[in-house]
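Participant: So here's entry.tsv, just TSV, C-alpha atoms:
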```tsv
chain	number	residue	atom	x	y	z
T	1	MET	CA	-18.89	8.93	15.59
T	2	GLN	CA	-15.47	10.06	16.86
T	3	THR	CA	-14.74	13.40	15.22
T	4	ALA	CA	-11.32	14.70	14.21
T	5	GLU	CA	-9.62	16.91	16.82
T	6	ALA	CA	-8.27	20.37	16.06
T	7	GLY	CA	-4.49	20.56	15.83
T	8	LYS	CA	-4.04	16.81	15.40
T	9	VAL	CA	-2.77	14.75	12.45
T	10	TYR	CA	-4.22	11.35	11.57
T	11	LEU	CA	-2.04	9.03	9.47
T	12	THR	CA	-4.92	7.10	7.96
T	13	GLY	CA	-5.01	3.98	5.81
T	14	ALA	CA	-7.29	4.20	2.77
T	15	GLY	CA	-7.13	0.46	2.17
T	16	PRO	CA	-6.72	-1.13	-1.29
T	17	GLY	CA	-9.09	1.28	-3.03
T	18	ASN	CA	-12.64	0.04	-2.55
T	19	PRO	CA	-14.44	2.46	-0.17
T	20	ASP	CA	-16.35	-0.48	1.31
T	21	LEU	CA	-13.05	-1.68	2.80
T	22	LEU	CA	-12.37	1.52	4.74
T	23	THR	CA	-12.46	1.23	8.51
T	24	ILE	CA	-15.26	2.97	10.38
T	25	ARG	CA	-12.61	5.15	12.05
T	26	ALA	CA	-11.27	6.28	8.65
T	27	ARG	CA	-14.79	7.16	7.44
T	28	ASP	CA	-15.48	9.16	10.60
T	29	LEU	CA	-12.26	11.12	10.18
T	30	LEU	CA	-12.87	11.86	6.50
T	31	ALA	CA	-16.33	13.17	7.37
T	32	THR	CA	-15.13	15.53	10.11
T	33	THR	CA	-11.58	16.70	9.34
T	34	ASP	CA	-10.54	20.15	8.12
T	35	VAL	CA	-7.73	19.14	5.74
T	36	ILE	CA	-7.05	15.95	3.75
T	37	LEU	CA	-3.60	15.42	2.24
T	38	HIS	CA	-3.89	12.31	0.10
T	39	ASP	CA	-1.71	9.99	-1.99
T	40	GLY	CA	-2.18	10.06	-5.74
T	41	LEU	CA	-3.54	6.50	-5.80
T	42	VAL	CA	-6.45	7.29	-3.47
T	43	GLY	CA	-9.58	7.08	-5.64
T	44	GLU	CA	-12.34	9.64	-6.09
T	45	GLU	CA	-14.96	7.38	-4.46
T	46	ILE	CA	-13.02	7.58	-1.20
T	47	LEU	CA	-12.35	11.32	-1.48
T	48	GLU	CA	-16.08	11.90	-1.98
T	49	LEU	CA	-16.55	10.80	1.64
T	50	ALA	CA	-14.79	13.98	2.80
T	51	SER	CA	-16.68	16.70	4.61
T	52	PRO	CA	-18.05	19.34	2.18
T	53	THR	CA	-16.02	21.95	4.08
T	54	ALA	CA	-12.73	20.04	4.02
T	55	ARG	CA	-9.78	21.17	1.91
T	56	VAL	CA	-8.73	18.15	-0.13
T	57	GLU	CA	-5.21	18.28	-1.59
T	58	SER	CA	-3.20	15.72	-3.53
T	59	VAL	CA	0.39	15.28	-2.35
T	60	ALA	CA	1.20	12.66	-4.97
T	61	LYS	CA	4.81	11.69	-5.59
T	62	ARG	CA	5.71	10.38	-9.04
T	63	ALA	CA	9.05	8.86	-10.05
T	64	GLY	CA	10.76	10.93	-12.72
T	65	VAL	CA	8.19	13.75	-12.52
T	66	LYS	CA	8.45	16.99	-10.58
T	67	SER	CA	6.06	16.57	-7.66
T	68	VAL	CA	5.61	17.14	-3.95
T	69	THR	CA	8.62	16.01	-1.91
T	70	GLN	CA	8.39	14.02	1.31
T	71	GLN	CA	9.82	16.99	3.22
T	72	GLU	CA	7.12	19.26	1.78
T	73	ILE	CA	4.41	16.82	2.84
T	74	GLU	CA	5.73	16.72	6.39
T	75	ALA	CA	5.96	20.52	6.49
T	76	ARG	CA	2.36	20.84	5.27
T	77	MET	CA	1.05	18.50	7.98
T	78	ILE	CA	2.88	20.42	10.68
T	79	GLU	CA	1.81	23.82	9.29
T	80	GLU	CA	-1.86	22.89	9.15
T	81	ALA	CA	-1.88	21.34	12.62
T	82	ARG	CA	-0.16	24.40	14.12
T	83	ALA	CA	-2.84	26.56	12.48
T	84	GLY	CA	-5.42	24.65	14.54
T	85	ASN	CA	-6.73	22.41	11.79
T	86	SER	CA	-7.42	18.71	12.01
T	87	VAL	CA	-5.46	16.88	9.31
T	88	VAL	CA	-5.97	13.49	7.69
T	89	ARG	CA	-2.88	12.26	5.89
T	90	LEU	CA	-4.60	9.68	3.70
T	91	LYS	CA	-2.34	6.89	2.49
T	92	VAL	CA	-3.18	3.87	0.34
T	93	GLY	CA	-3.26	0.51	2.10
T	94	ASP	CA	-1.89	0.70	5.62
T	95	PRO	CA	0.11	3.81	6.57
T	96	MET	CA	2.85	1.83	8.31
T	97	LEU	CA	3.63	-0.61	5.49
T	98	PHE	CA	5.84	0.62	2.61
T	99	GLY	CA	4.27	4.06	2.87
T	100	ARG	CA	6.79	6.46	4.44
T	101	GLY	CA	4.85	6.24	7.68
T	102	ALA	CA	8.05	6.09	9.73
T	103	GLU	CA	9.30	9.40	8.33
T	104	GLU	CA	5.98	11.12	8.94
T	105	VAL	CA	5.64	9.83	12.50
T	106	GLY	CA	9.19	10.98	13.17
T	107	ALA	CA	8.58	14.46	11.76
T	108	LEU	CA	5.35	14.94	13.73
T	109	ALA	CA	6.91	13.70	16.97
T	110	ALA	CA	9.95	15.98	16.53
T	111	ALA	CA	7.64	18.96	15.96
T	112	GLY	CA	5.53	18.13	19.02
T	113	ILE	CA	2.36	17.64	16.94
T	114	PRO	CA	-0.28	15.25	18.37
T	115	PHE	CA	-0.95	12.38	15.96
T	116	GLU	CA	-2.76	9.07	15.63
T	117	VAL	CA	-2.11	6.16	13.28
T	118	VAL	CA	-5.30	4.66	11.82
T	119	PRO	CA	-4.61	1.25	10.22
T	120	GLY	CA	-5.98	0.22	6.85
T	121	VAL	CA	-6.50	-3.02	4.95
T	122	THR	CA	-3.22	-3.68	3.16
T	123	ALA	CA	-3.14	-4.97	-0.42
T	124	ALA	CA	-1.84	-8.42	0.51
T	125	LEU	CA	-4.91	-9.14	2.61
T	126	ALA	CA	-7.28	-7.80	-0.05
T	127	ALA	CA	-5.52	-9.89	-2.70
T	128	ALA	CA	-5.79	-13.05	-0.61
T	129	ALA	CA	-9.50	-12.40	-0.20
T	130	ALA	CA	-10.00	-11.75	-3.92
T	131	LEU	CA	-8.20	-14.99	-4.78
T	132	ALA	CA	-9.94	-16.93	-1.98
T	133	CYS	CA	-6.43	-18.05	-1.09
T	134	PRO	CA	-4.88	-18.28	2.37
T	135	LEU	CA	-1.57	-16.55	2.97
T	136	THR	CA	-0.64	-19.24	5.48
T	137	ALA	CA	-1.72	-22.87	5.63
T	138	ARG	CA	-0.45	-25.66	7.85
T	139	GLU	CA	0.24	-28.01	4.96
T	140	ALA	CA	1.77	-25.38	2.65
T	141	SER	CA	3.23	-22.35	4.43
T	142	SER	CA	3.74	-21.34	8.05
T	143	ALA	CA	5.48	-18.06	7.19
T	144	LEU	CA	4.44	-14.85	5.46
T	145	ILE	CA	7.04	-12.40	4.14
T	146	MET	CA	6.14	-8.94	2.84
T	147	LEU	CA	8.69	-7.43	0.46
T	148	SER	CA	9.02	-4.26	-1.57
T	149	GLY	CA	10.03	-4.62	-5.20
T	150	HIS	CA	11.31	-1.04	-5.18
T	151	ARG	CA	13.97	0.44	-2.93
T	152	SER	CA	14.91	4.11	-3.10
T	153	GLY	CA	18.26	4.76	-4.71
T	154	GLU	CA	18.98	1.15	-5.67
T	155	GLY	CA	18.81	-0.50	-9.07
T	156	ARG	CA	17.79	-4.01	-8.07
T	157	ILE	CA	14.13	-4.81	-8.40
T	158	LEU	CA	13.98	-6.84	-5.20
T	159	SER	CA	15.91	-7.24	-1.99
T	160	ILE	CA	15.47	-10.75	-0.65
T	161	PRO	CA	16.69	-11.57	2.88
T	162	GLY	CA	18.15	-15.04	2.50
T	163	LYS	CA	16.42	-18.16	1.25
T	164	LEU	CA	12.66	-17.84	0.80
T	165	ALA	CA	11.61	-21.31	-0.28
T	166	GLY	CA	8.60	-22.51	1.71
T	167	ALA	CA	7.24	-19.10	2.73
T	168	THR	CA	4.37	-17.19	1.16
T	169	LEU	CA	5.72	-13.98	-0.39
T	170	THR	CA	3.77	-10.80	-1.06
T	171	ILE	CA	5.72	-8.40	-3.23
T	172	TYR	CA	4.53	-4.81	-3.27
T	173	MET	CA	5.49	-2.40	-6.08
T	174	PRO	CA	6.90	-5.20	-8.26
T	175	GLY	CA	7.48	-2.91	-11.23
T	176	SER	CA	7.18	-4.05	-14.84
T	177	ASP	CA	10.37	-6.11	-15.17
T	178	TYR	CA	8.95	-9.53	-14.39
T	179	ALA	CA	12.07	-11.22	-15.78
T	180	ALA	CA	14.29	-9.53	-13.19
T	181	LEU	CA	11.79	-10.34	-10.47
T	182	ALA	CA	11.75	-14.03	-11.43
T	183	HIS	CA	15.56	-14.07	-11.55
T	184	ASP	CA	15.83	-12.63	-8.01
T	185	LEU	CA	13.31	-15.13	-6.68
T	186	ILE	CA	15.05	-18.13	-8.22
T	187	GLU	CA	18.45	-16.87	-7.03
T	188	SER	CA	17.04	-16.84	-3.49
T	189	GLY	CA	15.91	-20.45	-3.57
T	190	VAL	CA	12.38	-20.23	-4.97
T	191	THR	CA	11.92	-22.88	-7.67
T	192	SER	CA	10.71	-21.95	-11.13
T	193	GLU	CA	7.72	-24.30	-10.65
T	194	THR	CA	6.45	-22.38	-7.60
T	195	PRO	CA	2.90	-21.04	-8.18
T	196	CYS	CA	2.38	-17.30	-8.18
T	197	ALA	CA	-0.26	-14.74	-9.02
T	198	VAL	CA	-0.23	-11.11	-10.06
T	199	ILE	CA	-3.23	-9.01	-9.10
T	200	SER	CA	-3.72	-5.46	-10.35
T	201	GLN	CA	-6.07	-2.78	-8.95
T	202	CYS	CA	-7.24	-5.18	-6.29
T	203	SER	CA	-10.81	-4.61	-5.00
T	204	LEU	CA	-11.57	-2.08	-7.77
T	205	PRO	CA	-13.81	-2.48	-10.85
T	206	GLY	CA	-10.71	-2.70	-13.08
T	207	GLU	CA	-9.18	-5.57	-11.12
T	208	GLN	CA	-7.07	-8.00	-13.19
T	209	ARG	CA	-5.33	-11.18	-12.13
T	210	ILE	CA	-3.14	-13.83	-13.66
T	211	HIS	CA	-2.10	-17.25	-12.34
T	212	LEU	CA	1.22	-18.72	-13.43
T	213	THR	CA	4.53	-20.00	-12.07
T	214	VAL	CA	7.69	-18.09	-11.19
T	215	GLY	CA	9.32	-19.51	-14.31
T	216	GLU	CA	6.48	-18.20	-16.47
T	217	LEU	CA	6.59	-14.65	-15.07
T	218	PRO	CA	9.01	-13.31	-17.73
T	219	THR	CA	6.64	-14.38	-20.53
T	220	HIS	CA	3.67	-12.31	-19.35
T	221	PRO	CA	3.16	-8.56	-19.97
T	222	ALA	CA	3.13	-6.48	-16.82
T	223	LEU	CA	-0.28	-5.62	-15.40
T	224	PRO	CA	-1.14	-1.97	-14.64
T	225	ALA	CA	-0.08	-0.45	-11.33
T	226	PRO	CA	-0.87	-0.69	-8.52
T	227	ALA	CA	-0.10	-4.38	-8.60
T	228	LEU	CA	0.96	-7.07	-6.15
T	229	VAL	CA	2.72	-10.38	-6.76
T	230	LEU	CA	2.01	-13.36	-4.50
T	231	VAL	CA	4.32	-16.38	-4.53
T	232	GLY	CA	4.10	-19.72	-2.77
T	233	LYS	CA	2.56	-23.15	-2.57
T	234	VAL	CA	-0.66	-21.70	-1.12
T	235	LEU	CA	-1.37	-20.26	-4.60
T	236	GLU	CA	-2.17	-23.76	-5.82
T	237	SER	CA	-5.67	-23.25	-4.41
T	238	ALA	CA	-6.15	-19.69	-5.71
T	239	ARG	CA	-9.08	-19.02	-8.02
```
Please go through the file and, once you have read it, give me the structure as structure tokens.

Facilitator:
Amino acid sequence: MQTAEAGKVYLTGAGPGNPDLLTIRARDLLATTDVILHDGLVGEEILELASPTARVESVAKRAGVKSVTQQEIEARMIEEARAGNSVVRLKVGDPMLFGRGAEEVGALAAAGIPFEVVPGVTAALAAAAALACPLTAREASSALIMLSGHRSGEGRILSIPGKLAGATLTIYMPGSDYAALAHDLIESGVTSETPCAVISQCSLPGEQRIHLTVGELPTHPALPAPALVLVGKVLESAR
């Protein structure tokens, strides 16, 4: 076991939610760190792996609700590390994918705080496994594009870089407006007949999934967050 070092911050991926999908490195750090600052979506089963002596604090951010700001999170990491504590900043999925990892790395580097990034299983990979569906396949898709359905300060549900027909798309944080999502996809060259799937709470006991086409998306009620939308010909083989 590699134990957490005093005065160091670990930006650690918690994976899609199932504790069985944590990396060994993440488990070792949770068991030996002094302070854990975790996202709101990190489940209790993962937090129970923390050392009995660790201080475990939620730094959840919620749209439209007064909560911890990104600047406050960065200040807390720096404060705890300067006090000589080891700190795990526990983030859902992978810390460097749609998770403000860039801002936190920048803040730690500017403050001269030692840090390490510990990757996690991102939701797209867990969803592909749950659906027994490849994200790339020679006969269907040779490209994988990861998109965010939410961008800070902008009203559009999705920002699509050019024409996407032919690629497999994984859309994080798709929101509940499936009609707008379908519109953006079709406007970018994805046909309404293209297969897609929505998977909610992937890898957890409450997992839900639906299989449909892009054109059928507006007709289906939104699944609970966290959810992921996968789009592409590879979904023809999804179960």

Participant: Extract, using all atoms listed in the file, all DNA, RNA and protein residues at most 12 Å from Arg100 in chain T, discarding same-chain residues fewer than 3 positions from it, and format them as a list of chain:residue names.

Facilitator: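 Here the qualifying residues turn out to be T:Leu11, T:Asp39, T:Lys61, T:Thr69, T:Gln70, T:Gln71, T:Ile73, T:Glu74, T:Arg89, T:Leu90, T:Lys91, T:Val92, T:Gly93, T:Asp94, T:Pro95, T:Met96, T:Leu97, T:Glu103, T:Glu104, T:Val105, T:Gly106, T:Ala107, T:Arg151, T:Ser152.
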
Participant: One decimal, in Å: what's the spacing between CA of Ala81 in chain T and CA of Phe115 in chain T?

Facilitator: 9.6 Å

Participant: Quick one: residues within 10 Å of Gly166 in chain T, all atoms listed in the file counted, chain neighbours fewer than 2 positions away excluded, as a list in words?

Facilitator: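 Within the cut-off, the hits are Ala140, Ser141, Ser142, Ala143, Leu144, Lys163, Leu164, Thr168, Leu169, Gly189, Val190, Thr191, Thr194, Val231, Gly232, Lys233 and Val234 of chain T.
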
Participant: Would you save the residues of that selection, restricted to C-alpha atoms, as a PDB file, in the coordinates of the input?

Facilitator:
```pdb
ATOM      1  CA  ALA T 140       1.770 -25.380   2.650  1.00  0.00           C
ATOM      2  CA  SER T 141       3.230 -22.350   4.430  1.00  0.00           C
ATOM      3  CA  SER T 142       3.740 -21.340   8.050  1.00  0.00           C
ATOM      4  CA  ALA T 143       5.480 -18.060   7.190  1.00  0.00           C
ATOM      5  CA  LEU T 144       4.440 -14.850   5.460  1.00  0.00           C
ATOM      6  CA  LYS T 163      16.420 -18.160   1.250  1.00  0.00           C
ATOM      7  CA  LEU T 164      12.660 -17.840   0.800  1.00  0.00           C
ATOM      8  CA  THR T 168       4.370 -17.190   1.160  1.00  0.00           C
ATOM      9  CA  LEU T 169       5.720 -13.980  -0.390  1.00  0.00           C
ATOM     10  CA  GLY T 189      15.910 -20.450  -3.570  1.00  0.00           C
ATOM     11  CA  VAL T 190      12.380 -20.230  -4.970  1.00  0.00           C
ATOM     12  CA  THR T 191      11.920 -22.880  -7.670  1.00  0.00           C
ATOM     13  CA  THR T 194       6.450 -22.380  -7.600  1.00  0.00           C
ATOM     14  CA  VAL T 231       4.320 -16.380  -4.530  1.00  0.00           C
ATOM     15  CA  GLY T 232       4.100 -19.720  -2.770  1.00  0.00           C
ATOM     16  CA  LYS T 233       2.560 -23.150  -2.570  1.00  0.00           C
ATOM     17  CA  VAL T 234      -0.660 -21.700  -1.120  1.00  0.00           C
TER      18      VAL T 234
END
```

Participant: If I put a ball of radius 9 Å at (3.5, -9.0, -6.5) in the file's coordinates, which residues poke into it when counting all atoms listed in the file, written as number ranges by chain?

Facilitator: T: 124, 147-149, 169-175, 196-200, 227-231

Participant: Once you have the residues from the selection above, write them out as a PDB file, in the frame of the given file, restricted to C-alpha atoms.

Facilitator:
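Saved the output as selection_18.pdb:
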```pdb
ATOM      1  CA  ALA T 124      -1.840  -8.420   0.510  1.00  0.00           C
ATOM      2  CA  LEU T 147       8.690  -7.430   0.460  1.00  0.00           C
ATOM      3  CA  SER T 148       9.020  -4.260  -1.570  1.00  0.00           C
ATOM      4  CA  GLY T 149      10.030  -4.620  -5.200  1.00  0.00           C
ATOM      5  CA  LEU T 169       5.720 -13.980  -0.390  1.00  0.00           C
ATOM      6  CA  THR T 170       3.770 -10.800  -1.060  1.00  0.00           C
ATOM      7  CA  ILE T 171       5.720  -8.400  -3.230  1.00  0.00           C
ATOM      8  CA  TYR T 172       4.530  -4.810  -3.270  1.00  0.00           C
ATOM      9  CA  MET T 173       5.490  -2.400  -6.080  1.00  0.00           C
ATOM     10  CA  PRO T 174       6.900  -5.200  -8.260  1.00  0.00           C
ATOM     11  CA  GLY T 175       7.480  -2.910 -11.230  1.00  0.00           C
ATOM     12  CA  CYS T 196       2.380 -17.300  -8.180  1.00  0.00           C
ATOM     13  CA  ALA T 197      -0.260 -14.740  -9.020  1.00  0.00           C
ATOM     14  CA  VAL T 198      -0.230 -11.110 -10.060  1.00  0.00           C
ATOM     15  CA  ILE T 199      -3.230  -9.010  -9.100  1.00  0.00           C
ATOM     16  CA  SER T 200      -3.720  -5.460 -10.350  1.00  0.00           C
ATOM     17  CA  ALA T 227      -0.100  -4.380  -8.600  1.00  0.00           C
ATOM     18  CA  LEU T 228       0.960  -7.070  -6.150  1.00  0.00           C
ATOM     19  CA  VAL T 229       2.720 -10.380  -6.760  1.00  0.00           C
ATOM     20  CA  LEU T 230       2.010 -13.360  -4.500  1.00  0.00           C
ATOM     21  CA  VAL T 231       4.320 -16.380  -4.530  1.00  0.00           C
TER      22      VAL T 231
END
```

Participant: What is the distance, in Å and to one decimal place, between CA of Ile210 in chain T and CA of Pro16 in chain T?

Facilitator: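 Calculated distance between CA of Ile210 in chain T and CA of Pro16 in chain T is 18.1 Å.
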
Participant: Could you tell me how far CA of Ala167 in chain T sits from CA of Ala137 in chain T, in Å to one decimal place?

Facilitator: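 A separation of 10.1 Å between them.
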
Participant: Tell me, as an NGL selection string, which residues lie within 12 Å of Leu29 in chain T, counting all atoms listed in the file; anything in the same chain fewer than 6 positions away does not count.

Facilitator: :T and (1-6 or 8-14 or 22-23 or 35-36 or 46-47 or 49-51 or 54 or 86-90 or 116-118)

Participant: For His183 in chain T, which of T:Leu41, T:Ala31, T:Ala75, T:Val214 is the closest residue, counting only C-alpha atoms?

Facilitator: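 Of T:Leu41, T:Ala31, T:Ala75, T:Val214, the one nearest His183 in chain T is T:Val214, counting only C-alpha atoms.
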
Participant: Give me the residues within 12 Å of Gly206 in chain T as a compact mmCIF listing (two decimals) with C-alpha atoms, in the coordinates of the input, counting all atoms listed in the file and dropping any in the same chain fewer than 5 places off.

Facilitator:
```txt
# COMPACT_ATOMS: atom_id res chain seq x y z
CA GLY T 17 -9.09 1.28 -3.03
CA ASN T 18 -12.64 0.04 -2.55
CA ILE T 199 -3.23 -9.01 -9.10
CA SER T 200 -3.72 -5.46 -10.35
CA GLN T 201 -6.07 -2.78 -8.95
CA LEU T 223 -0.28 -5.62 -15.40
CA PRO T 224 -1.14 -1.97 -14.64
CA ALA T 225 -0.08 -0.45 -11.33
CA PRO T 226 -0.87 -0.69 -8.52
CA ALA T 227 -0.10 -4.38 -8.60
```

Participant: So which one's closest to Asp20 in chain T, T:Ala126, T:Leu185, T:Ala111, T:Ala222? Using only C-alpha atoms, please.

Facilitator: T:Ala126

Participant: Given 3 Å of margin on each side, can you work out the centre and size in Å (one decimal) of an axis-aligned box holding every listed atom of range 84-87 of chain T, as lines of an AutoDock Vina configuration file?

Facilitator:
```
center_x = -6.4
center_y = 20.8
center_z = 11.9
size_x = 8.0
size_y = 13.8
size_z = 11.2
```

Participant: Rank T:Leu235, T:Leu21, T:Ala109, T:Val68 by their smallest atom-to-atom distance to Glu45 in chain T, using only C-alpha atoms, and report the top residue only.

Facilitator: T:Leu21

Participant: Will you model all heavy atoms for range 22-32 of chain T and pass it back as a PDB file, keeping the file's coordinate frame?

Facilitator:
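File produced: selection.pdb:
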```pdb
ATOM      1  N   LEU T  22     -12.852   0.555   3.750  1.00  0.00           N
ATOM      2  CA  LEU T  22     -12.370   1.520   4.740  1.00  0.00           C
ATOM      3  C   LEU T  22     -12.819   1.102   6.135  1.00  0.00           C
ATOM      4  O   LEU T  22     -13.894   0.533   6.311  1.00  0.00           O
ATOM      5  CB  LEU T  22     -12.936   2.912   4.451  1.00  0.00           C
ATOM      6  CG  LEU T  22     -12.304   3.754   3.349  1.00  0.00           C
ATOM      7  CD1 LEU T  22     -13.150   5.005   3.143  1.00  0.00           C
ATOM      8  CD2 LEU T  22     -10.881   4.145   3.705  1.00  0.00           C
ATOM      9  N   THR T  23     -12.012   1.443   7.135  1.00  0.00           N
ATOM     10  CA  THR T  23     -12.460   1.230   8.510  1.00  0.00           C
ATOM     11  C   THR T  23     -13.496   2.290   8.880  1.00  0.00           C
ATOM     12  O   THR T  23     -13.563   3.361   8.262  1.00  0.00           O
ATOM     13  CB  THR T  23     -11.288   1.318   9.503  1.00  0.00           C
ATOM     14  OG1 THR T  23     -10.748   2.654   9.485  1.00  0.00           O
ATOM     15  CG2 THR T  23     -10.188   0.311   9.151  1.00  0.00           C
ATOM     16  N   ILE T  24     -14.283   2.000   9.890  1.00  0.00           N
ATOM     17  CA  ILE T  24     -15.260   2.970  10.380  1.00  0.00           C
ATOM     18  C   ILE T  24     -14.542   4.224  10.878  1.00  0.00           C
ATOM     19  O   ILE T  24     -14.978   5.354  10.648  1.00  0.00           O
ATOM     20  CB  ILE T  24     -16.122   2.364  11.498  1.00  0.00           C
ATOM     21  CG1 ILE T  24     -17.009   1.253  10.913  1.00  0.00           C
ATOM     22  CG2 ILE T  24     -16.985   3.425  12.179  1.00  0.00           C
ATOM     23  CD1 ILE T  24     -17.776   0.460  11.954  1.00  0.00           C
ATOM     24  N   ARG T  25     -13.398   4.016  11.540  1.00  0.00           N
ATOM     25  CA  ARG T  25     -12.610   5.150  12.050  1.00  0.00           C
ATOM     26  C   ARG T  25     -12.171   6.059  10.894  1.00  0.00           C
ATOM     27  O   ARG T  25     -12.255   7.294  10.995  1.00  0.00           O
ATOM     28  CB  ARG T  25     -11.408   4.632  12.815  1.00  0.00           C
ATOM     29  CG  ARG T  25     -10.495   5.708  13.398  1.00  0.00           C
ATOM     30  CD  ARG T  25     -11.215   6.522  14.442  1.00  0.00           C
ATOM     31  NE  ARG T  25     -10.324   7.386  15.171  1.00  0.00           N
ATOM     32  CZ  ARG T  25     -10.675   8.589  15.649  1.00  0.00           C
ATOM     33  NH1 ARG T  25     -11.915   9.040  15.476  1.00  0.00           N
ATOM     34  NH2 ARG T  25      -9.814   9.317  16.312  1.00  0.00           N
ATOM     35  N   ALA T  26     -11.701   5.478   9.794  1.00  0.00           N
ATOM     36  CA  ALA T  26     -11.270   6.280   8.650  1.00  0.00           C
ATOM     37  C   ALA T  26     -12.439   7.074   8.077  1.00  0.00           C
ATOM     38  O   ALA T  26     -12.301   8.266   7.747  1.00  0.00           O
ATOM     39  CB  ALA T  26     -10.658   5.382   7.583  1.00  0.00           C
ATOM     40  N   ARG T  27     -13.614   6.453   7.960  1.00  0.00           N
ATOM     41  CA  ARG T  27     -14.790   7.160   7.440  1.00  0.00           C
ATOM     42  C   ARG T  27     -15.171   8.328   8.357  1.00  0.00           C
ATOM     43  O   ARG T  27     -15.500   9.422   7.875  1.00  0.00           O
ATOM     44  CB  ARG T  27     -15.970   6.196   7.318  1.00  0.00           C
ATOM     45  CG  ARG T  27     -15.901   5.290   6.098  1.00  0.00           C
ATOM     46  CD  ARG T  27     -17.095   4.336   6.062  1.00  0.00           C
ATOM     47  NE  ARG T  27     -17.107   3.566   4.829  1.00  0.00           N
ATOM     48  CZ  ARG T  27     -17.774   3.896   3.736  1.00  0.00           C
ATOM     49  NH1 ARG T  27     -18.494   5.002   3.720  1.00  0.00           N
ATOM     50  NH2 ARG T  27     -17.733   3.141   2.658  1.00  0.00           N
ATOM     51  N   ASP T  28     -15.145   8.094   9.649  1.00  0.00           N
ATOM     52  CA  ASP T  28     -15.480   9.160  10.600  1.00  0.00           C
ATOM     53  C   ASP T  28     -14.528  10.344  10.454  1.00  0.00           C
ATOM     54  O   ASP T  28     -14.935  11.513  10.480  1.00  0.00           O
ATOM     55  CB  ASP T  28     -15.438   8.640  12.029  1.00  0.00           C
ATOM     56  CG  ASP T  28     -16.603   7.719  12.362  1.00  0.00           C
ATOM     57  OD1 ASP T  28     -17.548   7.619  11.543  1.00  0.00           O
ATOM     58  OD2 ASP T  28     -16.576   7.105  13.452  1.00  0.00           O
ATOM     59  N   LEU T  29     -13.247  10.051  10.297  1.00  0.00           N
ATOM     60  CA  LEU T  29     -12.260  11.120  10.180  1.00  0.00           C
ATOM     61  C   LEU T  29     -12.428  11.889   8.876  1.00  0.00           C
ATOM     62  O   LEU T  29     -12.349  13.123   8.852  1.00  0.00           O
ATOM     63  CB  LEU T  29     -10.855  10.547  10.276  1.00  0.00           C
ATOM     64  CG  LEU T  29     -10.455  10.020  11.655  1.00  0.00           C
ATOM     65  CD1 LEU T  29      -9.126   9.276  11.590  1.00  0.00           C
ATOM     66  CD2 LEU T  29     -10.361  11.163  12.670  1.00  0.00           C
ATOM     67  N   LEU T  30     -12.662  11.190   7.779  1.00  0.00           N
ATOM     68  CA  LEU T  30     -12.870  11.860   6.500  1.00  0.00           C
ATOM     69  C   LEU T  30     -14.080  12.802   6.562  1.00  0.00           C
ATOM     70  O   LEU T  30     -14.073  13.882   5.968  1.00  0.00           O
ATOM     71  CB  LEU T  30     -13.068  10.840   5.385  1.00  0.00           C
ATOM     72  CG  LEU T  30     -11.836  10.037   4.973  1.00  0.00           C
ATOM     73  CD1 LEU T  30     -12.229   8.942   3.988  1.00  0.00           C
ATOM     74  CD2 LEU T  30     -10.777  10.937   4.368  1.00  0.00           C
ATOM     75  N   ALA T  31     -15.089  12.389   7.294  1.00  0.00           N
ATOM     76  CA  ALA T  31     -16.330  13.170   7.370  1.00  0.00           C
ATOM     77  C   ALA T  31     -16.217  14.391   8.272  1.00  0.00           C
ATOM     78  O   ALA T  31     -17.078  15.281   8.198  1.00  0.00           O
ATOM     79  CB  ALA T  31     -17.473  12.285   7.851  1.00  0.00           C
ATOM     80  N   THR T  32     -15.178  14.467   9.102  1.00  0.00           N
ATOM     81  CA  THR T  32     -15.130  15.530  10.110  1.00  0.00           C
ATOM     82  C   THR T  32     -13.843  16.337  10.120  1.00  0.00           C
ATOM     83  O   THR T  32     -13.733  17.305  10.873  1.00  0.00           O
ATOM     84  CB  THR T  32     -15.338  14.941  11.518  1.00  0.00           C
ATOM     85  OG1 THR T  32     -14.307  13.990  11.801  1.00  0.00           O
ATOM     86  CG2 THR T  32     -16.703  14.269  11.638  1.00  0.00           C
TER      87      THR T  32
END
```
